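J.: Mind having a look at this structure? Questions to follow.
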Amino acid sequence: MLSKFAHAEIDSISTDRAMKIPGVRGVLTGEGLPLTGEEMKDRPPVAWGKVRYHGEVTAVVIADDPVTAAKAANLVEINYKPLPVVQTPSEAVKENAPLVHENTGIYEKDEGVNPIPGTNIASHTKIRKGSIQRGREESEVTIEESFFIPPSDHAAMETRSAAAEVKPDGKVIITTSSQAPFMVKKLMNSYFGIELGKVVVHTPLVGGGYGGKASVQQEILAYLASMKAGGRPVKIVYPREADLITAPCHMGMEATIKLWATRDGKLKAAEIQYLVEAGAYSDKAIHLTRAAAIDCTGPYFIENVWCDSYCVYTNHPYPAPYRGFSHSEVHFCFERAMDILAGKLNMDPLELRFRNAIRPGQTTPTQYKVNRSTVGDLPECIRRLKKLIRWEEGAVVRINERQLKVKGISCLWKNSTIPPDSTSGAIITFNEDGTANLISGVVEIGTGTKTVLAQIVAETLKMDINNIFVRMEIDTQTTPEHWKTVASRGTLMGGRAAMAAAEDAARQLKAIASCVLRARIEDLDIADSRVFIREEPDKGLHFKDIAYGYTFPNGNSIGGQIIGRGNYILRNLTHIDKETGKGKPGPEWAVGAQGVEIQFDCRDYTYKLIRAISVLDAGKVLNWKAARGQVTGAMSMGLAFAGREAFIFDKEGRIMNPQLRTYRPLHFSEKTEYIVDFVETPHVDAPFGARGLGEQGLISLPAALGNAISAAIELQVTSLPLTPETIWRMKEAER
Amino acid sequence: MTGRAAHFHINGEEYNIYIRNADTLLYVIRGKTGFTGAKPGCLNGDCGACTVIVNGWPVKSCLMLAVEAEGEEIITAEGLHGSEIQKAFVKYFAFQCGYCTPGYIMNCQTLITQYPEADRNKIKEWLDSNICRCTSYEEIEQALYSVLRQHR
C-alpha cells in the first residue's frame with residue numbers, strides 16, 4: 001500500500017477486512033517499528049503517524065500470491081488528514097514553512113550530522129577556506145546566479161526486489177538486488193539488533209544500479225514481512241511505478257553561486273550555497289550534502305571559498321546516491337556560473353577554465369594540497385577537448401535562418417568521499433588443475449569490474465585469464481566484504497585486494513616449489529601457470545602439480561590447497577573539520593573535460609544532439625572496450641538527465657509521471673555520436689594507475705548542454721531539464 | 001481463483017500448465033516453466049525487456065495473456081542460445097547489466113529474419129520499442145549490423 005498523499009496525518013488504519021481474505025498471512029503496519037536511516041534515524045520503515053511523500057509505504061500485505069495480496073491491499077482502509085506540502089528546498093528553509101519532521105533535533109544520529117532543530121534542515125556542511133573579504137578586495141568582476149534541479153530517477157531496467165526468510169535458529173537470509181549487500185548486513189544489525197553472523201545476504205547479478213540500489217529500503221520490509229508471517233520466505237518486487245516513486249530517487253538541488261575574479265580571469269573567491277533536496281527522509285542525502293560541499297567549486301583552484309551545503313527535507317521522495325554522487329548537480333550549477341563569468345569578462349569560456357584549472361601543488365576547497373597522482377592532468381584534458389570539439393569554429397554558427405550549430409563545454413572533477421575505514425577483500429582459491437577461482441565482494445551491476453579484477457589477477461600471476469573463474473554471486477557469509485559497489489571505487493579497492501590476494505597466492509606457490517626444486521624462493525619466478533627457476537626457466541613446476549600441495553614419488557606430500565587472501569583499506573583519509581571542512585576526504589580527484597554540439601531550432605526551441613565528447617584522465621585504461629562503454633553509457637544517461645528527466649509534481653506534491661512512457665529514458669533512435677579520449681596520468685595507489693571511470697562520463701554533460709543552450713538563446717539557463725518547453729518559457733518570459 | 005490447464009510450445013518443448021485466465025504470458029513463462037530470459041521491467045509495454053518471439057514475431061509478453069499464446073510457437077532468450085546475434089552481443093559489448101539484453105536479442109533476431117534488408121529507419125523503428133539504460137546504444141547497433149551484414 002502506498003500513500004496517495006505527499007504530506008498527511010494518518011488518522012486510522014484498519015486491516016481487519018484485508019486479513020479475512022483467504023491466503024493472506026499478515027498485514028504489516030508501521031506500529032511499533034524502530035526508526036531507520038543511514039546517518040540519522042528519521043524514517044519509519046512503514047509510515048506511522050504521518051506520511052511524508054507520495055508513494056511512501058503505508059502497509060504491506062503478505063499473501064500466498066501477488067493476486068491475493070493485491071486484492072487484500074484494496075481492503076486496507078486508511079484515513080488521512082492532508083497537511084500543507086513543501087515542494088522545494090528554498091520553500092522548506094523559509095521561516096514558518098510547514099515542518100516535514102517535528103523531531104529533527106532529537107533523532108539518533110552519527111558524528112558529523114548537524115541538523116538544525118525546529119527547521120527542515122537535516123544537516124549542514126561548511127567549507128571555510130581563506131577569506132571571502134580578501135578575495136573580493138582583490139577582484140574586479142563578480143557574478144551571482146541561482147539554480148534549480150528537480151528530483152528525478154535512476155530507472156534501472158530491473159526494478160528492485162528483495163526476499164527474506166527468518167530460520168528457526170534466528171538466521172536471517174536475505175536475497176536482494178543491491179549494490180550494498182554488506183551494508184544490508186550491517187544495518188539489519190543496527191536497526192534490529194540481529195547478530196552480524198546471523199544475517200546472510202545474497203546478491204546475484206544486479207540489473208542496473210547507478211547508485212539507486214545502494215540504499216537499503218526494501219530489504220527491511222522483506223525482513224519485517226517475513227517476521228510477520230512467522231519467518232516464512234517473503235518476496236517483494238516493486239512494480240515500475242513503485243520503483244520510480246517509492247524507492248529512493250535521484251536528488252534535486254537548488255544553489256546560489258557568487259564568484260569574484262580579476263579582469264584577466266583569475267578566480268579569487270567563491271561563495272556558494274547548495275540546498276540538497278533530502279525529500280522526506282535524510283538517509284543518504286546527508287552524505288550527498290557533504291560530498292557537494294567537498295567538491296563545491298568544480299576542478300578549479302580558488303584561494304577563498306565559502307560553501308554552505310544544507311540537507312533539506314521536502315515532501316518528495318528521498319534520494320539514493322545517483323551516478324556522480326551530487327557532482328553532476330554541483331557541476332551543472334558551478335559550470336554554468338563559470339560560463340556566465342566568462343561572458344561578463346568577455347573571455348573565451350575554455351580559456352577561463354584553462355587558467356583556473358587545478359594543478360599539482362594547489363589546494364582543494366578542503367585545503368588538501370594535490371599532486372599529479374591525486375589530481376591528474378586537467379589542463380591536458382582541456383587542450384584535447386579544444387581540438388576534438390573544433391573550438392576554433394566558434395561556439396555558435398548559423399546554419400540557416402532557423403537553425404544554429406552550437407557548442408557547449410564544461411570541466412569536471414570527482415573525489416569519492418566514502419568512509420575512511422571502508423574496506424575491500426578478495427580470495428583466490430586454486431583448483432587441482434592449476435586454474436584459480438576469484439572471489440571478491442564487488443557486486444556486478446553492469447560495470448564489468450569483475451572482468452577487470454580477473455585481468456588484474458591474471459597480470460599479477462602471469463596466468464591466462466581464461467584459467468581464472470570469477471564468482472559472480474555475493475554471499476555475505478563467505479564473500480569477503482567490499483564496502484559498497486559505488487563511487488567508482490571497485491577497480492581501486494577491489495583491484496588492490498585482488499592484487500594482494502594474487503601476490504599472496506604467488507608466495508605460497510613459490511614456497512612449495514622452493515622445496516621441490518631445492519631453490520631459494522627469491523630465485524623463483526612465475527609465468528604461464530608455472531613456477532620456475534629464474535636462471536633455468538625449463539626447470540619448474542606447473543601450478544597443477546602444486547596448487548593442491550605437492551606429492552613426492554614415495555607419496556610424501558607437502559602444502560595443501562593454495563588459498564590467496566588480500567584486502568585493502570584507503571590510506572590516511574580523514575573526517576572533514578566541522579567548522580572549516582578541512583581534511584582529506586577521499587583518495588584522488590579524477591578530472592576531465594566534456595563538450596556537446598547541438599543543432600538548435602530557433603523557431604520551436606527543439607534541438608538535436610550532433611555529438612558529445614569526453615576527455616577523461618583515466619590514470620590507466622585497463623580494458624578499453626569496457627572503459628569506453630562505461631563512459632558512453634554515462635554520457636547517454638547524463639544527456640537524458642539534462643535534457644528530459646524530472647519528476648513532474650502536481651500542486652499537492654503527487655508525481656504525475658511514474659511510468660517509462662511519461663518518465664522517458666533515451667531510446668535507440670535518440671542516440672548521438674560519442675567521442676571518448678583518455679589522458680593517462682597514473683594514480684600511484686591504484687592498480688596499474690587506474691582512476692575511477694564509472695561516473696565521470698555523466699558529471700559535466702548537463703552543464704555542457706546548459707552552456708550550449710544558453711549560447712543559443714542568449715539567455716542564462718538556470719534549471720533542468722532542458723526541454724523545448726522550458727526553453728520556450730524562458731524566451732516568452734523575456735518578451 | 002478460476003483457472004484451467006493449458007498447453008504451450010516453448011523453445012521446442014511441450015508444457016501443460018495450470019493458468020488463470022488473467023495471467024499474462026510473461027507471468028506464466030517466468031513462474032511456471034523455469035525460463036527466466038523474459039524480464040519484467042514495466043508490465044505495460046514501455047520497456048521491451050519481456051519480449052519473446054511468438055510465431056516468428058516479437059511480442060511483449062507482459063501485454064499478451066497466456067491464453068492467447070496457447071498452442072502458438074513461443075521462443076524465449078533461452079531458445080536462441082548459441083545464435084549469431086547472441087554471440088554478436090558478447091563480441092561488441094552490447095550489454096552492461098544485461099537485464100534488457102534478452103528483449104533486444106529477441107527483437108534483433110526477429111528483425112534479422114523478417115527484414116534482412118532493413119534500412120536505418122526500419123531499424124530505428126524496431127529498436128525503439130525497447131529501453132537500455134546502461135549502454136549508449138552504440139554497441140547494440142554494432143552487434144545488430146554485424147549480423148545483418150552477414151545476411152545480406
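Chain identifiers are assigned as A, B, and so on, following the order in which chains appear in the C-alpha cells; residues are numbered from 1 within each chain, and ligands are numbered from 1 in order of appearance.
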Report as CSV the residues of chain B within 9 Å of chain A, each with its shortest atom pair and distance in Å (one decimal), using only C-alpha atoms, ordered by chain and increasing residue number.

T.:
residue,atom,partner,partner_atom,distance
B:Lys39,CA,A:Glu158,CA,7.9
B:Pro40,CA,A:Glu158,CA,7.4
B:Gly41,CA,A:Met157,CA,5.6
B:Cys42,CA,A:Arg240,CA,5.0
B:Leu43,CA,A:Arg240,CA,7.7
B:Asn44,CA,A:Gln659,CA,8.9
B:Asp46,CA,A:Leu660,CA,5.9
B:Cys47,CA,A:Leu660,CA,7.2
B:Ala49,CA,A:Met157,CA,7.8
B:Tyr92,CA,A:Lys625,CA,8.5
B:Phe93,CA,A:Lys625,CA,7.3
B:Ala94,CA,A:Gly629,CA,8.8
B:Phe95,CA,A:Gly446,CA,7.8
B:Gln96,CA,A:Gly446,CA,4.2
B:Cys97,CA,A:Gly446,CA,3.5
B:Gly98,CA,A:Gly207,CA,6.5
B:Tyr99,CA,A:Gly207,CA,5.0
B:Cys100,CA,A:Met157,CA,6.6
B:Asn121,CA,A:Ser669,CA,8.8
B:Ile123,CA,A:Ser669,CA,8.7
B:Lys124,CA,A:Ser669,CA,5.2
B:Glu125,CA,A:Ser669,CA,7.6
B:Leu127,CA,A:Phe668,CA,6.1
B:Asp128,CA,A:Phe668,CA,5.4
B:Ser129,CA,A:His667,CA,8.1
B:Asn130,CA,A:His667,CA,7.4
B:Ile131,CA,A:His667,CA,5.9
B:Cys132,CA,A:Met157,CA,7.2
B:Arg133,CA,A:Ala156,CA,6.3
B:Cys134,CA,A:Gly633,CA,5.3
B:Thr135,CA,A:Gly633,CA,4.3
B:Ser136,CA,A:Gly633,CA,4.6
B:Tyr137,CA,A:Phe668,CA,5.9
B:Glu138,CA,A:Lys671,CA,7.8
B:Glu139,CA,A:Gly629,CA,8.1
B:Ile140,CA,A:Phe668,CA,8.9
B:Glu141,CA,A:Phe668,CA,8.6

J.: Which residues are close to range 23-34 of chain B, i.e. within 9 Å by only C-alpha atoms, leaving aside same-chain residues fewer than 2 positions away? Reply as a PDB file with all heavy atoms, in the first residue's frame.

T.:
ATOM      1  N   ILE B  10       7.097 -24.088 -25.928  1.00  0.00           N
ATOM      2  CA  ILE B  10       8.096 -23.059 -25.619  1.00  0.00           C
ATOM      3  C   ILE B  10       9.492 -23.618 -25.893  1.00  0.00           C
ATOM      4  O   ILE B  10       9.848 -24.689 -25.376  1.00  0.00           O
ATOM      5  CB  ILE B  10       7.992 -22.597 -24.147  1.00  0.00           C
ATOM      6  CG1 ILE B  10       6.560 -22.143 -23.838  1.00  0.00           C
ATOM      7  CG2 ILE B  10       8.979 -21.468 -23.868  1.00  0.00           C
ATOM      8  CD1 ILE B  10       6.311 -21.804 -22.386  1.00  0.00           C
ATOM      9  N   TYR B  15       4.620 -27.973 -22.727  1.00  0.00           N
ATOM     10  CA  TYR B  15       4.304 -27.731 -21.305  1.00  0.00           C
ATOM     11  C   TYR B  15       2.802 -27.748 -21.080  1.00  0.00           C
ATOM     12  O   TYR B  15       2.056 -27.087 -21.805  1.00  0.00           O
ATOM     13  CB  TYR B  15       4.848 -26.367 -20.849  1.00  0.00           C
ATOM     14  CG  TYR B  15       6.351 -26.324 -20.788  1.00  0.00           C
ATOM     15  CD1 TYR B  15       7.102 -26.006 -21.914  1.00  0.00           C
ATOM     16  CD2 TYR B  15       7.023 -26.628 -19.602  1.00  0.00           C
ATOM     17  CE1 TYR B  15       8.481 -25.991 -21.880  1.00  0.00           C
ATOM     18  CE2 TYR B  15       8.402 -26.613 -19.547  1.00  0.00           C
ATOM     19  CZ  TYR B  15       9.136 -26.287 -20.691  1.00  0.00           C
ATOM     20  OH  TYR B  15      10.488 -26.286 -20.644  1.00  0.00           O
ATOM     21  N   ILE B  17       0.354 -26.500 -18.338  1.00  0.00           N
ATOM     22  CA  ILE B  17       0.470 -25.603 -17.193  1.00  0.00           C
ATOM     23  C   ILE B  17      -0.920 -25.190 -16.734  1.00  0.00           C
ATOM     24  O   ILE B  17      -1.795 -24.892 -17.555  1.00  0.00           O
ATOM     25  CB  ILE B  17       1.289 -24.344 -17.585  1.00  0.00           C
ATOM     26  CG1 ILE B  17       2.684 -24.755 -18.062  1.00  0.00           C
ATOM     27  CG2 ILE B  17       1.389 -23.371 -16.409  1.00  0.00           C
ATOM     28  CD1 ILE B  17       3.467 -23.622 -18.694  1.00  0.00           C
ATOM     29  N   TYR B  18      -1.093 -25.129 -15.421  1.00  0.00           N
ATOM     30  CA  TYR B  18      -2.357 -24.648 -14.883  1.00  0.00           C
ATOM     31  C   TYR B  18      -2.300 -23.127 -14.808  1.00  0.00           C
ATOM     32  O   TYR B  18      -1.416 -22.565 -14.179  1.00  0.00           O
ATOM     33  CB  TYR B  18      -2.586 -25.254 -13.496  1.00  0.00           C
ATOM     34  CG  TYR B  18      -3.979 -25.009 -12.994  1.00  0.00           C
ATOM     35  CD1 TYR B  18      -5.032 -25.844 -13.379  1.00  0.00           C
ATOM     36  CD2 TYR B  18      -4.247 -23.942 -12.139  1.00  0.00           C
ATOM     37  CE1 TYR B  18      -6.327 -25.612 -12.929  1.00  0.00           C
ATOM     38  CE2 TYR B  18      -5.542 -23.702 -11.690  1.00  0.00           C
ATOM     39  CZ  TYR B  18      -6.573 -24.533 -12.093  1.00  0.00           C
ATOM     40  OH  TYR B  18      -7.846 -24.295 -11.649  1.00  0.00           O
ATOM     41  N   ILE B  19      -3.203 -22.460 -15.497  1.00  0.00           N
ATOM     42  CA  ILE B  19      -3.147 -20.994 -15.533  1.00  0.00           C
ATOM     43  C   ILE B  19      -4.489 -20.370 -15.152  1.00  0.00           C
ATOM     44  O   ILE B  19      -5.539 -21.021 -15.243  1.00  0.00           O
ATOM     45  CB  ILE B  19      -2.767 -20.469 -16.944  1.00  0.00           C
ATOM     46  CG1 ILE B  19      -3.808 -20.906 -17.981  1.00  0.00           C
ATOM     47  CG2 ILE B  19      -1.371 -20.896 -17.332  1.00  0.00           C
ATOM     48  CD1 ILE B  19      -3.704 -20.150 -19.293  1.00  0.00           C
ATOM     49  N   ARG B  20      -4.411 -19.109 -14.712  1.00  0.00           N
ATOM     50  CA  ARG B  20      -5.618 -18.287 -14.553  1.00  0.00           C
ATOM     51  C   ARG B  20      -5.865 -17.599 -15.882  1.00  0.00           C
ATOM     52  O   ARG B  20      -4.926 -17.285 -16.606  1.00  0.00           O
ATOM     53  CB  ARG B  20      -5.408 -17.196 -13.502  1.00  0.00           C
ATOM     54  CG  ARG B  20      -5.395 -17.642 -12.074  1.00  0.00           C
ATOM     55  CD  ARG B  20      -4.827 -16.549 -11.191  1.00  0.00           C
ATOM     56  NE  ARG B  20      -5.662 -15.340 -11.193  1.00  0.00           N
ATOM     57  CZ  ARG B  20      -5.281 -14.173 -11.703  1.00  0.00           C
ATOM     58  NH1 ARG B  20      -4.101 -14.027 -12.270  1.00  0.00           N
ATOM     59  NH2 ARG B  20      -6.086 -13.138 -11.649  1.00  0.00           N
ATOM     60  N   ASN B  21      -7.101 -17.287 -16.151  1.00  0.00           N
ATOM     61  CA  ASN B  21      -7.406 -16.614 -17.421  1.00  0.00           C
ATOM     62  C   ASN B  21      -6.741 -15.251 -17.503  1.00  0.00           C
ATOM     63  O   ASN B  21      -6.416 -14.773 -18.579  1.00  0.00           O
ATOM     64  CB  ASN B  21      -8.923 -16.476 -17.595  1.00  0.00           C
ATOM     65  CG  ASN B  21      -9.558 -17.823 -17.837  1.00  0.00           C
ATOM     66  OD1 ASN B  21      -8.886 -18.750 -18.297  1.00  0.00           O
ATOM     67  ND2 ASN B  21     -10.829 -17.954 -17.499  1.00  0.00           N
ATOM     68  N   THR B  36      13.654 -17.906 -17.498  1.00  0.00           N
ATOM     69  CA  THR B  36      13.594 -16.569 -16.896  1.00  0.00           C
ATOM     70  C   THR B  36      14.212 -15.511 -17.809  1.00  0.00           C
ATOM     71  O   THR B  36      14.487 -14.400 -17.371  1.00  0.00           O
ATOM     72  CB  THR B  36      14.302 -16.551 -15.533  1.00  0.00           C
ATOM     73  OG1 THR B  36      15.629 -17.040 -15.724  1.00  0.00           O
ATOM     74  CG2 THR B  36      13.582 -17.424 -14.525  1.00  0.00           C
ATOM     75  N   GLY B  37      14.445 -15.880 -19.068  1.00  0.00           N
ATOM     76  CA  GLY B  37      15.034 -14.927 -20.016  1.00  0.00           C
ATOM     77  C   GLY B  37      14.178 -13.684 -20.200  1.00  0.00           C
ATOM     78  O   GLY B  37      14.686 -12.573 -20.248  1.00  0.00           O
ATOM     79  N   ALA B  38      12.873 -13.860 -20.299  1.00  0.00           N
ATOM     80  CA  ALA B  38      11.984 -12.697 -20.436  1.00  0.00           C
ATOM     81  C   ALA B  38      11.928 -11.987 -19.092  1.00  0.00           C
ATOM     82  O   ALA B  38      11.669 -12.602 -18.074  1.00  0.00           O
ATOM     83  CB  ALA B  38      10.592 -13.154 -20.860  1.00  0.00           C
ATOM     84  N   LYS B  39      12.227 -10.678 -19.097  1.00  0.00           N
ATOM     85  CA  LYS B  39      12.344  -9.927 -17.836  1.00  0.00           C
ATOM     86  C   LYS B  39      11.187  -8.959 -17.647  1.00  0.00           C
ATOM     87  O   LYS B  39      10.842  -8.239 -18.587  1.00  0.00           O
ATOM     88  CB  LYS B  39      13.648  -9.103 -17.836  1.00  0.00           C
ATOM     89  CG  LYS B  39      14.919  -9.906 -18.085  1.00  0.00           C
ATOM     90  CD  LYS B  39      15.235 -10.806 -16.921  1.00  0.00           C
ATOM     91  CE  LYS B  39      16.551 -11.537 -17.139  1.00  0.00           C
ATOM     92  NZ  LYS B  39      16.659 -12.715 -16.279  1.00  0.00           N
ATOM     93  N   PRO B  40      10.641  -8.886 -16.439  1.00  0.00           N
ATOM     94  CA  PRO B  40       9.653  -7.835 -16.181  1.00  0.00           C
ATOM     95  C   PRO B  40      10.374  -6.501 -15.966  1.00  0.00           C
ATOM     96  O   PRO B  40      11.326  -6.432 -15.185  1.00  0.00           O
ATOM     97  CB  PRO B  40       8.985  -8.296 -14.880  1.00  0.00           C
ATOM     98  CG  PRO B  40      10.005  -9.153 -14.193  1.00  0.00           C
ATOM     99  CD  PRO B  40      10.886  -9.750 -15.279  1.00  0.00           C
ATOM    100  N   LEU B  43       5.760  -3.943 -17.092  1.00  0.00           N
ATOM    101  CA  LEU B  43       4.458  -4.612 -17.158  1.00  0.00           C
ATOM    102  C   LEU B  43       3.389  -3.809 -17.907  1.00  0.00           C
ATOM    103  O   LEU B  43       2.205  -4.048 -17.732  1.00  0.00           O
ATOM    104  CB  LEU B  43       3.958  -4.986 -15.743  1.00  0.00           C
ATOM    105  CG  LEU B  43       4.927  -5.837 -14.901  1.00  0.00           C
ATOM    106  CD1 LEU B  43       4.263  -6.220 -13.578  1.00  0.00           C
ATOM    107  CD2 LEU B  43       5.363  -7.092 -15.647  1.00  0.00           C
ATOM    108  N   CYS B  50      10.663  -7.847 -21.700  1.00  0.00           N
ATOM    109  CA  CYS B  50       9.981  -9.147 -21.637  1.00  0.00           C
ATOM    110  C   CYS B  50       9.706  -9.720 -23.023  1.00  0.00           C
ATOM    111  O   CYS B  50       8.963 -10.684 -23.157  1.00  0.00           O
ATOM    112  CB  CYS B  50       8.669  -8.987 -20.879  1.00  0.00           C
ATOM    113  SG  CYS B  50       7.486  -7.965 -21.778  1.00  0.00           S
ATOM    114  N   THR B  51      10.305  -9.125 -24.059  1.00  0.00           N
ATOM    115  CA  THR B  51       9.995  -9.549 -25.434  1.00  0.00           C
ATOM    116  C   THR B  51      10.316 -11.029 -25.667  1.00  0.00           C
ATOM    117  O   THR B  51      11.392 -11.505 -25.312  1.00  0.00           O
ATOM    118  CB  THR B  51      10.775  -8.681 -26.441  1.00  0.00           C
ATOM    119  OG1 THR B  51      10.506  -7.313 -26.163  1.00  0.00           O
ATOM    120  CG2 THR B  51      10.396  -9.005 -27.876  1.00  0.00           C
ATOM    121  N   VAL B  52       9.355 -11.742 -26.248  1.00  0.00           N
ATOM    122  CA  VAL B  52       9.580 -13.121 -26.700  1.00  0.00           C
ATOM    123  C   VAL B  52       9.155 -13.189 -28.164  1.00  0.00           C
ATOM    124  O   VAL B  52       8.559 -12.244 -28.697  1.00  0.00           O
ATOM    125  CB  VAL B  52       8.770 -14.145 -25.860  1.00  0.00           C
ATOM    126  CG1 VAL B  52       9.202 -14.114 -24.407  1.00  0.00           C
ATOM    127  CG2 VAL B  52       7.269 -13.895 -25.983  1.00  0.00           C
ATOM    128  N   LYS B  60       5.634  -8.391 -26.729  1.00  0.00           N
ATOM    129  CA  LYS B  60       5.919  -8.061 -25.339  1.00  0.00           C
ATOM    130  C   LYS B  60       5.041  -8.954 -24.471  1.00  0.00           C
ATOM    131  O   LYS B  60       3.819  -8.804 -24.451  1.00  0.00           O
ATOM    132  CB  LYS B  60       5.644  -6.574 -25.102  1.00  0.00           C
ATOM    133  CG  LYS B  60       6.690  -5.716 -25.806  1.00  0.00           C
ATOM    134  CD  LYS B  60       6.417  -4.249 -25.746  1.00  0.00           C
ATOM    135  CE  LYS B  60       7.613  -3.506 -26.374  1.00  0.00           C
ATOM    136  NZ  LYS B  60       7.364  -2.071 -26.558  1.00  0.00           N
ATOM    137  N   SER B  61       5.682  -9.884 -23.801  1.00  0.00           N
ATOM    138  CA  SER B  61       4.907 -10.934 -23.140  1.00  0.00           C
ATOM    139  C   SER B  61       4.139 -10.427 -21.931  1.00  0.00           C
ATOM    140  O   SER B  61       3.312 -11.138 -21.387  1.00  0.00           O
ATOM    141  CB  SER B  61       5.811 -12.108 -22.757  1.00  0.00           C
ATOM    142  OG  SER B  61       6.796 -11.708 -21.834  1.00  0.00           O
ATOM    143  N   CYS B  62       4.396  -9.175 -21.515  1.00  0.00           N
ATOM    144  CA  CYS B  62       3.583  -8.609 -20.429  1.00  0.00           C
ATOM    145  C   CYS B  62       2.253  -8.105 -20.948  1.00  0.00           C
ATOM    146  O   CYS B  62       1.351  -7.818 -20.176  1.00  0.00           O
ATOM    147  CB  CYS B  62       4.341  -7.476 -19.725  1.00  0.00           C
ATOM    148  SG  CYS B  62       4.483  -5.973 -20.706  1.00  0.00           S
ATOM    149  N   LEU B  63       2.145  -7.973 -22.278  1.00  0.00           N
ATOM    150  CA  LEU B  63       0.912  -7.441 -22.856  1.00  0.00           C
ATOM    151  C   LEU B  63       0.055  -8.541 -23.486  1.00  0.00           C
ATOM    152  O   LEU B  63      -1.000  -8.273 -24.041  1.00  0.00           O
ATOM    153  CB  LEU B  63       1.233  -6.390 -23.934  1.00  0.00           C
ATOM    154  CG  LEU B  63       1.893  -5.100 -23.472  1.00  0.00           C
ATOM    155  CD1 LEU B  63       2.094  -4.170 -24.655  1.00  0.00           C
ATOM    156  CD2 LEU B  63       1.056  -4.416 -22.405  1.00  0.00           C
ATOM    157  N   MET B  64       0.545  -9.790 -23.430  1.00  0.00           N
ATOM    158  CA  MET B  64      -0.212 -10.887 -24.039  1.00  0.00           C
ATOM    159  C   MET B  64      -0.706 -11.791 -22.911  1.00  0.00           C
ATOM    160  O   MET B  64       0.066 -12.131 -22.013  1.00  0.00           O
ATOM    161  CB  MET B  64       0.709 -11.669 -24.978  1.00  0.00           C
ATOM    162  CG  MET B  64      -0.012 -12.709 -25.805  1.00  0.00           C
ATOM    163  SD  MET B  64       1.153 -13.537 -26.924  1.00  0.00           S
ATOM    164  CE  MET B  64       0.137 -13.682 -28.391  1.00  0.00           C
ATOM    165  N   LEU B  65      -1.964 -12.146 -22.964  1.00  0.00           N
ATOM    166  CA  LEU B  65      -2.460 -13.112 -21.986  1.00  0.00           C
ATOM    167  C   LEU B  65      -1.924 -14.490 -22.352  1.00  0.00           C
ATOM    168  O   LEU B  65      -1.786 -14.813 -23.540  1.00  0.00           O
ATOM    169  CB  LEU B  65      -3.986 -13.126 -21.974  1.00  0.00           C
ATOM    170  CG  LEU B  65      -4.660 -11.873 -21.417  1.00  0.00           C
ATOM    171  CD1 LEU B  65      -6.168 -11.956 -21.614  1.00  0.00           C
ATOM    172  CD2 LEU B  65      -4.326 -11.680 -19.938  1.00  0.00           C
ATOM    173  N   ALA B  66      -1.682 -15.279 -21.342  1.00  0.00           N
ATOM    174  CA  ALA B  66      -1.183 -16.634 -21.612  1.00  0.00           C
ATOM    175  C   ALA B  66      -2.172 -17.397 -22.486  1.00  0.00           C
ATOM    176  O   ALA B  66      -1.767 -18.138 -23.388  1.00  0.00           O
ATOM    177  CB  ALA B  66      -0.942 -17.363 -20.292  1.00  0.00           C
ATOM    178  N   VAL B  67      -3.463 -17.207 -22.240  1.00  0.00           N
ATOM    179  CA  VAL B  67      -4.452 -17.950 -23.032  1.00  0.00           C
ATOM    180  C   VAL B  67      -4.357 -17.628 -24.524  1.00  0.00           C
ATOM    181  O   VAL B  67      -4.637 -18.475 -25.364  1.00  0.00           O
ATOM    182  CB  VAL B  67      -5.906 -17.697 -22.550  1.00  0.00           C
ATOM    183  CG1 VAL B  67      -6.141 -18.302 -21.185  1.00  0.00           C
ATOM    184  CG2 VAL B  67      -6.251 -16.220 -22.561  1.00  0.00           C
ATOM    185  N   GLU B  68      -3.918 -16.425 -24.848  1.00  0.00           N
ATOM    186  CA  GLU B  68      -3.770 -16.055 -26.262  1.00  0.00           C
ATOM    187  C   GLU B  68      -2.620 -16.795 -26.925  1.00  0.00           C
ATOM    188  O   GLU B  68      -2.559 -16.901 -28.140  1.00  0.00           O
ATOM    189  CB  GLU B  68      -3.498 -14.546 -26.404  1.00  0.00           C
ATOM    190  CG  GLU B  68      -4.614 -13.645 -25.931  1.00  0.00           C
ATOM    191  CD  GLU B  68      -4.195 -12.183 -26.043  1.00  0.00           C
ATOM    192  OE1 GLU B  68      -3.504 -11.699 -25.120  1.00  0.00           O
ATOM    193  OE2 GLU B  68      -4.546 -11.559 -27.056  1.00  0.00           O
ATOM    194  N   ALA B  69      -1.661 -17.231 -26.099  1.00  0.00           N
ATOM    195  CA  ALA B  69      -0.462 -17.861 -26.656  1.00  0.00           C
ATOM    196  C   ALA B  69      -0.555 -19.378 -26.652  1.00  0.00           C
ATOM    197  O   ALA B  69       0.380 -20.070 -27.043  1.00  0.00           O
ATOM    198  CB  ALA B  69       0.769 -17.408 -25.863  1.00  0.00           C
ATOM    199  N   THR B  76      11.865 -18.030 -26.209  1.00  0.00           N
ATOM    200  CA  THR B  76      12.425 -17.057 -25.260  1.00  0.00           C
ATOM    201  C   THR B  76      13.934 -16.977 -25.512  1.00  0.00           C
ATOM    202  O   THR B  76      14.462 -17.709 -26.337  1.00  0.00           O
ATOM    203  CB  THR B  76      12.180 -17.478 -23.800  1.00  0.00           C
ATOM    204  OG1 THR B  76      13.015 -18.620 -23.516  1.00  0.00           O
ATOM    205  CG2 THR B  76      10.719 -17.837 -23.548  1.00  0.00           C
TER     206      THR B  76
END

J.: Can you work out which one of A:Ile399, A:Ile382, A:Ile294, A:Cys307 has the shortest atom-to-atom distance to Thr364 in chain A, counting only C-alpha atoms?

T.: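 Looking only at the distances to Thr364 in chain A, the closest residue turns out to be A:Ile294.
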
J.: For Glu329 in chain A, which residue among A:Glu695, A:Asp577, A:Glu254, A:Asp348 is the nearest when counting only C-alpha atoms?

T.: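 With only C-alpha atoms as the atom set, the closest residue is A:Glu254.
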
J.: Give me every alpha helix (DSSP H) residue in chain B, going by DSSP on the backbone, as a PyMOL selection string.

T.: chain B and resi 25-32+84-91+101-114+120-127+138-151

J.: Any idea what's packed within 12 Å of Glu536 in chain A, counting only C-alpha atoms, ignoring anything in its chain fewer than 5 positions away? Could you give it as a PyMOL selection string?

T.: chain A and resi 517+519+523-525+531

J.: Would you export the selected residues with C-alpha atoms as an mmCIF file, in the first residue's frame, please?

T.:
data_model
loop_
_atom_site.group_PDB
_atom_site.id
_atom_site.type_symbol
_atom_site.label_atom_id
_atom_site.label_comp_id
_atom_site.auth_asym_id
_atom_site.auth_seq_id
_atom_site.Cartn_x
_atom_site.Cartn_y
_atom_site.Cartn_z
ATOM 1 C CA LEU A 517 63.092 -27.503 -6.811
ATOM 2 C CA ALA A 519 65.952 -23.406 -4.745
ATOM 3 C CA ASP A 523 65.417 -17.342 -7.258
ATOM 4 C CA LEU A 524 61.983 -18.430 -8.461
ATOM 5 C CA ASP A 525 59.683 -16.703 -10.876
ATOM 6 C CA VAL A 531 56.850 -21.661 -11.067
#
